[in-house]
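Dumped my_file-v7.txt below, it's compact mmCIF, C-alpha atoms:
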# COMPACT_ATOMS: atom_id res chain seq x y z
CA MET H 1 -10.33 11.23 -22.35
CA ASN H 2 -8.72 12.23 -25.67
CA ALA H 3 -7.53 15.46 -24.05
CA GLY H 4 -5.11 13.49 -21.88
CA LEU H 5 -3.69 11.27 -24.61
CA HIS H 6 -1.12 13.87 -25.64
CA GLU H 7 0.57 13.33 -22.26
CA LEU H 8 1.12 9.59 -22.74
CA PRO H 9 4.86 9.83 -21.90
CA LEU H 10 3.93 11.29 -18.51
CA VAL H 11 1.20 8.68 -18.09
CA PHE H 12 3.76 5.89 -18.61
CA PHE H 13 6.38 7.64 -16.45
CA THR H 14 4.19 8.21 -13.43
CA LEU H 15 2.41 4.87 -13.70
CA LEU H 16 5.53 2.72 -14.06
CA VAL H 17 7.69 4.41 -11.44
CA GLN H 18 4.84 4.57 -8.92
CA SER H 19 4.25 0.84 -9.34
CA ALA H 20 7.98 0.19 -9.03
CA VAL H 21 8.26 2.15 -5.79
CA GLY H 22 5.23 0.36 -4.35
CA ALA H 23 6.69 -3.02 -5.30
CA TRP H 24 10.05 -2.09 -3.73
CA LEU H 25 8.32 -1.43 -0.42
CA ILE H 26 6.82 -4.95 -0.49
CA PHE H 27 10.16 -6.49 -1.50
CA THR H 28 11.82 -4.72 1.43
CA PHE H 29 9.36 -6.41 3.77
CA ALA H 30 9.73 -9.81 2.08
CA LEU H 31 13.53 -9.80 2.21
CA VAL H 32 13.55 -8.96 5.91
CA LYS H 33 11.61 -12.20 6.42
CA THR H 34 13.85 -14.21 4.09
CA LYS H 35 16.67 -16.33 5.52
CA ASN H 36 16.74 -19.19 3.01
CA GLU H 37 19.49 -18.52 0.44
CA LYS H 38 17.51 -19.99 -2.46
CA SER H 39 14.53 -17.78 -1.61
CA ARG H 40 16.79 -14.74 -1.31
CA THR H 41 18.42 -15.49 -4.67
CA TYR H 42 15.04 -15.84 -6.38
CA THR H 43 13.79 -12.59 -4.85
CA HIS H 44 16.86 -10.67 -5.98
CA LYS H 45 16.57 -12.06 -9.51
CA VAL H 46 12.93 -11.00 -9.98
CA MET H 47 13.76 -7.61 -8.45
CA PHE H 48 15.20 -6.84 -11.88
CA VAL H 49 11.62 -6.37 -13.13
CA ILE H 50 11.25 -3.42 -10.76
CA LEU H 51 14.35 -1.86 -12.31
CA VAL H 52 12.91 -2.47 -15.78
CA PHE H 53 9.76 -0.59 -14.75
CA LEU H 54 11.92 2.27 -13.48
CA GLY H 55 14.05 2.31 -16.61
CA LEU H 56 11.06 2.34 -18.96
CA GLY H 57 9.43 5.03 -16.86
CA PHE H 58 12.45 7.31 -17.03
CA ILE H 59 12.82 6.69 -20.76
CA ALA H 60 9.20 7.81 -21.14
CA SER H 61 9.95 10.96 -19.13
CA MET H 62 12.91 11.72 -21.41
CA THR H 63 10.56 11.41 -24.37
CA HIS H 64 8.30 14.00 -22.78
CA LEU H 65 11.23 16.39 -22.23
CA GLY H 66 12.41 15.96 -25.81
CA SER H 67 16.04 15.06 -25.05
CA PRO H 68 18.15 13.79 -22.11
CA MET H 69 19.99 17.13 -21.96
CA ARG H 70 16.79 18.87 -20.91
CA ALA H 71 16.61 16.56 -17.91
CA PHE H 72 20.16 17.54 -16.94
CA ASN H 73 19.39 21.22 -17.50
CA SER H 74 16.33 21.01 -15.27
CA LEU H 75 18.59 19.97 -12.39
CA ASN H 76 19.85 23.56 -12.34
CA ARG H 77 16.82 24.53 -10.26
CA ILE H 78 17.06 21.96 -7.49
CA GLY H 79 15.38 23.30 -4.38
CA LYS H 80 13.43 25.89 -6.37
CA SER H 81 11.55 23.76 -8.88
CA MET H 82 9.51 20.68 -7.97
CA MET H 83 10.27 19.20 -11.36
CA SER H 84 14.00 19.49 -10.67
CA ASN H 85 13.47 17.94 -7.26
CA GLU H 86 11.47 15.14 -8.87
CA ILE H 87 14.28 14.30 -11.28
CA LEU H 88 16.86 14.38 -8.48
CA THR H 89 14.92 12.23 -6.02
CA GLY H 90 13.98 9.82 -8.80
CA ALA H 91 17.60 9.48 -9.88
CA ILE H 92 18.67 8.85 -6.27
CA PHE H 93 16.04 6.14 -5.83
CA PHE H 94 16.95 4.51 -9.15
CA ALA H 95 20.67 4.57 -8.33
CA LEU H 96 20.20 3.12 -4.85
CA ALA H 97 17.91 0.37 -6.15
CA GLY H 98 20.19 -0.43 -9.09
CA PHE H 99 23.42 -0.64 -7.09
CA TYR H 100 21.71 -2.71 -4.41
CA TRP H 101 20.52 -5.19 -7.03
CA LEU H 102 23.93 -5.46 -8.67
CA ILE H 103 25.72 -6.15 -5.38
CA ALA H 104 23.01 -8.43 -3.98
CA LEU H 105 22.98 -10.52 -7.15
CA THR H 106 26.63 -11.44 -6.57
CA GLY H 107 25.72 -12.81 -3.13
CA LYS H 108 28.30 -10.59 -1.46
CA MET H 109 25.85 -8.23 0.23
CA PRO H 110 26.11 -8.58 4.06
CA SER H 111 22.67 -9.17 5.58
CA ALA H 112 22.78 -6.16 7.93
CA LEU H 113 24.00 -3.84 5.17
CA GLY H 114 21.37 -5.21 2.80
CA ASN H 115 18.56 -4.51 5.26
CA LEU H 116 19.81 -0.97 5.87
CA TRP H 117 20.30 -0.33 2.14
CA ARG H 118 16.80 -1.52 1.25
CA ILE H 119 15.24 0.62 3.96
CA MET H 120 17.20 3.68 2.82
CA THR H 121 16.10 3.00 -0.76
CA ALA H 122 12.48 2.61 0.37
CA LEU H 123 12.67 5.95 2.20
CA ALA H 124 14.17 7.54 -0.92
CA GLY H 125 11.27 6.10 -2.92
CA ILE H 126 8.73 7.58 -0.50
CA VAL H 127 10.38 11.00 -0.81
CA PHE H 128 10.36 10.59 -4.59
CA MET H 129 6.63 9.86 -4.55
CA TYR H 130 5.95 12.87 -2.32
CA VAL H 131 7.88 15.21 -4.63
CA MET H 132 6.19 13.76 -7.72
CA ASN H 133 2.82 14.46 -6.15
CA GLN H 134 3.83 18.03 -5.31
CA VAL H 135 4.76 18.71 -8.94
CA TYR H 136 1.06 18.71 -9.80
CA HIS H 137 -0.16 20.90 -6.96
CA ILE H 138 -0.15 24.01 -9.12
CA VAL H 139 -2.17 26.95 -7.83
CA SER H 140 -3.08 28.01 -11.36
CA VAL H 141 -4.54 24.56 -12.15
CA PRO H 142 -7.59 24.17 -9.85
CA THR H 143 -8.47 20.72 -11.20
CA TRP H 144 -5.07 19.41 -10.02
CA ASN H 145 -4.41 21.54 -6.95
CA THR H 146 -6.47 19.35 -4.66
CA SER H 147 -5.97 16.52 -2.17
CA LEU H 148 -7.60 14.21 -4.71
CA THR H 149 -4.41 14.40 -6.78
CA SER H 150 -2.42 13.11 -3.81
CA TRP H 151 -4.93 10.35 -3.19
CA SER H 152 -4.85 9.29 -6.85
CA PHE H 153 -1.07 9.20 -7.05
CA TYR H 154 -0.55 7.35 -3.77
CA LEU H 155 -3.30 4.86 -4.59
CA THR H 156 -1.47 4.01 -7.83
CA VAL H 157 1.64 3.35 -5.73
CA ALA H 158 -0.46 0.95 -3.64
CA LEU H 159 -2.44 -0.73 -6.43
CA GLY H 160 0.39 -1.04 -8.94
CA GLY H 161 2.98 -1.93 -6.32
CA LEU H 162 0.85 -4.59 -4.63
CA ALA H 163 -0.10 -6.29 -7.90
CA LEU H 164 3.46 -6.22 -9.26
CA ALA H 165 5.09 -7.46 -6.05
CA TYR H 166 2.52 -10.23 -5.61
CA ALA H 167 3.00 -11.45 -9.17
CA LEU H 168 6.76 -11.53 -8.74
CA LEU H 169 6.98 -12.98 -5.24
CA MET H 170 4.21 -15.60 -5.17
CA PRO H 171 5.85 -18.04 -7.65
CA ASN H 172 8.84 -18.34 -5.27
CA LYS H 173 8.53 -21.96 -4.09
CA TYR H 174 11.19 -21.36 -1.42
CA ARG H 175 9.42 -18.36 0.09
CA GLU H 176 9.39 -17.92 3.86
CA TYR H 177 7.38 -14.72 3.81
CA SER H 178 3.60 -14.56 3.90
CA LEU H 179 1.78 -12.43 1.33
CA HIS H 180 -1.80 -13.14 2.42
CA PHE H 181 -2.19 -9.47 3.38
CA ILE H 182 -1.64 -8.23 -0.19
CA PRO H 183 -5.05 -9.13 -1.69
CA ASN H 184 -6.75 -7.55 1.34
CA LEU H 185 -4.70 -4.37 1.00
CA PHE H 186 -5.45 -4.29 -2.73
CA VAL H 187 -9.20 -4.45 -2.06
CA LEU H 188 -8.86 -1.68 0.54
CA ALA H 189 -6.98 0.50 -1.98
CA LEU H 190 -9.65 -0.31 -4.58
CA LEU H 191 -12.33 0.85 -2.14
CA PHE H 192 -10.52 4.15 -1.58
CA ALA H 193 -10.05 4.54 -5.34
CA ALA H 194 -13.81 4.18 -5.83
CA ILE H 195 -14.46 6.80 -3.16
CA VAL H 196 -12.01 9.20 -4.83
CA VAL H 197 -13.72 8.66 -8.21
CA VAL H 198 -17.16 9.49 -6.80
CA TYR H 199 -15.95 12.47 -4.78
CA GLN H 200 -13.98 13.89 -7.70
CA GLY H 201 -16.99 13.49 -9.98
CA PHE H 202 -18.99 15.79 -7.68
CA ASN H 203 -16.03 18.13 -7.16
CA LEU H 204 -15.61 18.72 -10.90
CA GLN H 205 -19.08 20.28 -10.99
CA GLN H 206 -17.77 23.03 -8.69
CA ILE H 207 -14.84 24.03 -10.91
CA HIS H 208 -15.47 26.11 -14.01
CA SER H 209 -14.20 28.89 -16.21
CA SER H 210 -16.13 31.70 -17.87
CA ILE H 211 -16.63 29.47 -20.90
CA GLN H 212 -16.27 25.89 -19.71
CA GLN H 213 -17.13 23.50 -16.92
CA ALA H 214 -14.28 21.29 -15.68
CA ALA H 215 -16.51 18.23 -16.06
CA ASP H 216 -16.81 19.00 -19.79
CA LEU H 217 -13.08 18.34 -20.19
CA VAL H 218 -13.72 14.65 -19.55
CA PRO H 219 -17.32 13.95 -20.66
CA ASN H 220 -16.70 10.19 -20.46
CA TYR H 221 -15.40 10.44 -16.88
CA ALA H 222 -18.06 8.13 -15.40
CA VAL H 223 -17.84 5.47 -18.12
CA MET H 224 -14.05 5.29 -18.18
CA ASN H 225 -13.81 5.14 -14.40
CA ALA H 226 -16.44 2.39 -14.34
CA ILE H 227 -14.25 0.40 -16.73
CA ARG H 228 -11.21 1.20 -14.59
CA LEU H 229 -12.84 -0.01 -11.38
CA CYS H 230 -14.12 -3.17 -13.06
CA LEU H 231 -10.60 -4.01 -14.23
CA LEU H 232 -9.28 -3.47 -10.72
CA ALA H 233 -12.07 -5.68 -9.32
CA ILE H 234 -11.04 -8.47 -11.72
CA THR H 235 -7.46 -8.03 -10.54
CA ALA H 236 -8.55 -8.33 -6.92
CA TYR H 237 -10.40 -11.55 -7.75
CA LEU H 238 -7.28 -12.99 -9.40
CA LEU H 239 -5.10 -12.05 -6.43
CA PHE H 240 -7.46 -13.91 -4.09
CA ARG H 241 -8.04 -16.94 -6.31
CA THR H 242 -4.79 -17.88 -8.03
CA LYS H 243 -1.07 -18.34 -7.50
CA ASN H 244 -0.42 -19.03 -11.18
CA GLY H 245 2.37 -16.81 -12.49
CA ILE H 246 0.74 -16.21 -15.88
CA LEU H 247 -2.59 -15.19 -14.38
CA LEU H 248 -0.85 -12.96 -11.85
CA SER H 249 1.08 -11.31 -14.68
CA PHE H 250 -2.27 -10.73 -16.39
CA ALA H 251 -3.48 -9.13 -13.14
CA VAL H 252 -0.54 -6.71 -13.28
CA ILE H 253 -1.43 -5.79 -16.86
CA LEU H 254 -5.06 -5.19 -15.86
CA THR H 255 -3.91 -2.95 -13.03
CA LEU H 256 -1.62 -0.94 -15.30
CA VAL H 257 -4.38 -0.52 -17.89
CA ALA H 258 -6.87 0.51 -15.21
CA GLU H 259 -4.55 3.04 -13.61
CA GLY H 260 -3.49 4.21 -17.06
CA ILE H 261 -7.12 5.08 -17.78
CA GLY H 262 -7.27 7.05 -14.56
CA ARG H 263 -4.04 8.87 -15.34
CA VAL H 264 -5.15 9.83 -18.87
CA LEU H 265 -8.32 11.28 -17.37
CA PHE H 266 -6.18 13.16 -14.86
CA TYR H 267 -4.10 14.84 -17.57
CA GLY H 268 -7.25 15.52 -19.54
CA LEU H 269 -8.48 17.63 -16.61
CA HIS H 270 -5.77 20.26 -17.06
CA MET H 271 -7.40 23.70 -16.72
CA THR H 272 -5.55 26.91 -15.91
CA LEU H 273 -6.66 29.90 -13.90
CA GLY H 274 -6.26 32.10 -16.96
CA THR H 275 -9.92 31.46 -17.59
CA ALA H 276 -10.80 29.27 -14.61
CA ILE H 277 -12.54 30.11 -11.41
CA GLY H 278 -12.91 27.58 -8.62
CA SER H 279 -16.11 27.91 -6.64
Kindly present the structure from the file in structure tokens form.
Amino acid sequence: MNAGLHELPLVFFTLLVQSAVGAWLIFTFALVKTKNEKSRTYTHKVMFVILVFLGLGFIASMTHLGSPMRAFNSLNRIGKSMMSNEILTGAIFFALAGFYWLIALTGKMPSALGNLWRIMTALAGIVFMYVMNQVYHIVSVPTWNTSLTSWSFYLTVALGGLALAYALLMPNKYREYSLHFIPNLFVLALLFAAIVVVYQGFNLQQIHSSIQQAADLVPNYAVMNAIRLCLLAITAYLLFRTKNGILLSFAVILTLVAEGIGRVLFYGLHMTLGTAIGS
């Protein structure tokens, strides 16, 4: 696991923005169902937390790049570089979400325009997540260039987004929307996450270099993933059993820690084809 700790800025970036996009998708659904003005006002206020997640995530990405200017310079290769495309699509999503929140908070956002704007922002977020996933499908990195990378990234969108949205939306005493489906979806995502962990564990045995086995890069893979899945199981229990805002916030923290463990392991699996042979 230590091998992935040097990429902590990327761990925070991917984890926070994926959770934010997932939460935005749930908020889009909730606001479509919301007619009560007090409920709508509450929902728009707590939406700020999603923007905080996005802001912190992008700050972490800037830390990884070294300086903001490098982010601007990387935009020179839009259409040719997945990293450039990632920055562009992320900026578009952030801008759409931010401007929507600012206008909606004033109460001057027409209902029809608001629905259209949220849907457009959600679509931008989905594109952003697709591009982010594609950044890591590198032919020369056999441990990443697999469908398991896609599964891992999209499952973080689901797990982080569901936990965050539930924690923010459940305390709304004026709510008209129903969120009973969220704990069930979280358990389903947890089940898929467990399947990915097991399958990847076997898959790592098939990837090696002339001097090293891919599995040796993360010798504590099984233990750390066991901890990760246990934390997610505790979160699922909390989502089913409580509506308390503090406990739900704790559930979000558990989810972020769990997915953070998974993401550190992911970066620890970096292995290039310079000495690697996939079999």
Residues near Phe153 (chain H), cut-off 12 Å, all atoms listed in the file, skip fewer than 4 positions along chain, as a PyMOL selection string:
chain H and resi 11+14-19+21-22+126+128-137+144+146-149+157-161+189+193+196+259-260+262-263+266
Across H:Gln206, H:Leu190, H:Ala163, H:Ala214, the smallest distance to Ala251 (chain H), with only C-alpha atoms counted, is shown by H:Ala163
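Using all atoms listed in the file, the nearest neighbour of Gly114 (chain H) within the list H:Met170, H:Met47, H:Glu86, H:Leu31 is H:Leu31.
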What's around region 252-256 of chain H at 6 Å? Count only C-alpha atoms, leave out sequence neighbours fewer than 5 positions away in its own chain, and write the answer as a PDB file with C-alpha atoms, in the frame of the given file.
ATOM      1  CA  ALA H 163      -0.100  -6.290  -7.900  1.00  0.00           C
ATOM      2  CA  LEU H 164       3.460  -6.220  -9.260  1.00  0.00           C
ATOM      3  CA  LEU H 231     -10.600  -4.010 -14.230  1.00  0.00           C
ATOM      4  CA  LEU H 232      -9.280  -3.470 -10.720  1.00  0.00           C
TER       5      LEU H 232
END
Exercise on region 141-157 of chain H, axis-aligned box with 6 Å per side, report centre and edge lengths in Å to one decimal, as AutoDock Vina command-line options:
--center_x -3.4 --center_y 14.0 --center_z -7.2 --size_x 22.1 --size_y 33.2 --size_z 22.0
What is the CA of Leu162 (chain H) to CA of Leu204 (chain H) distance in Å?
29.2 Å
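Across the structure, CA of Phe27 (chain H) and CA of Leu169 (chain H) are spaced 8.1 Å apart.
Distances from H:Phe240, H:Phe53, H:Tyr199, H:Trp101 to Leu185 (chain H) were compared using all atoms listed in the file, and the smallest one belongs to H:Phe240.
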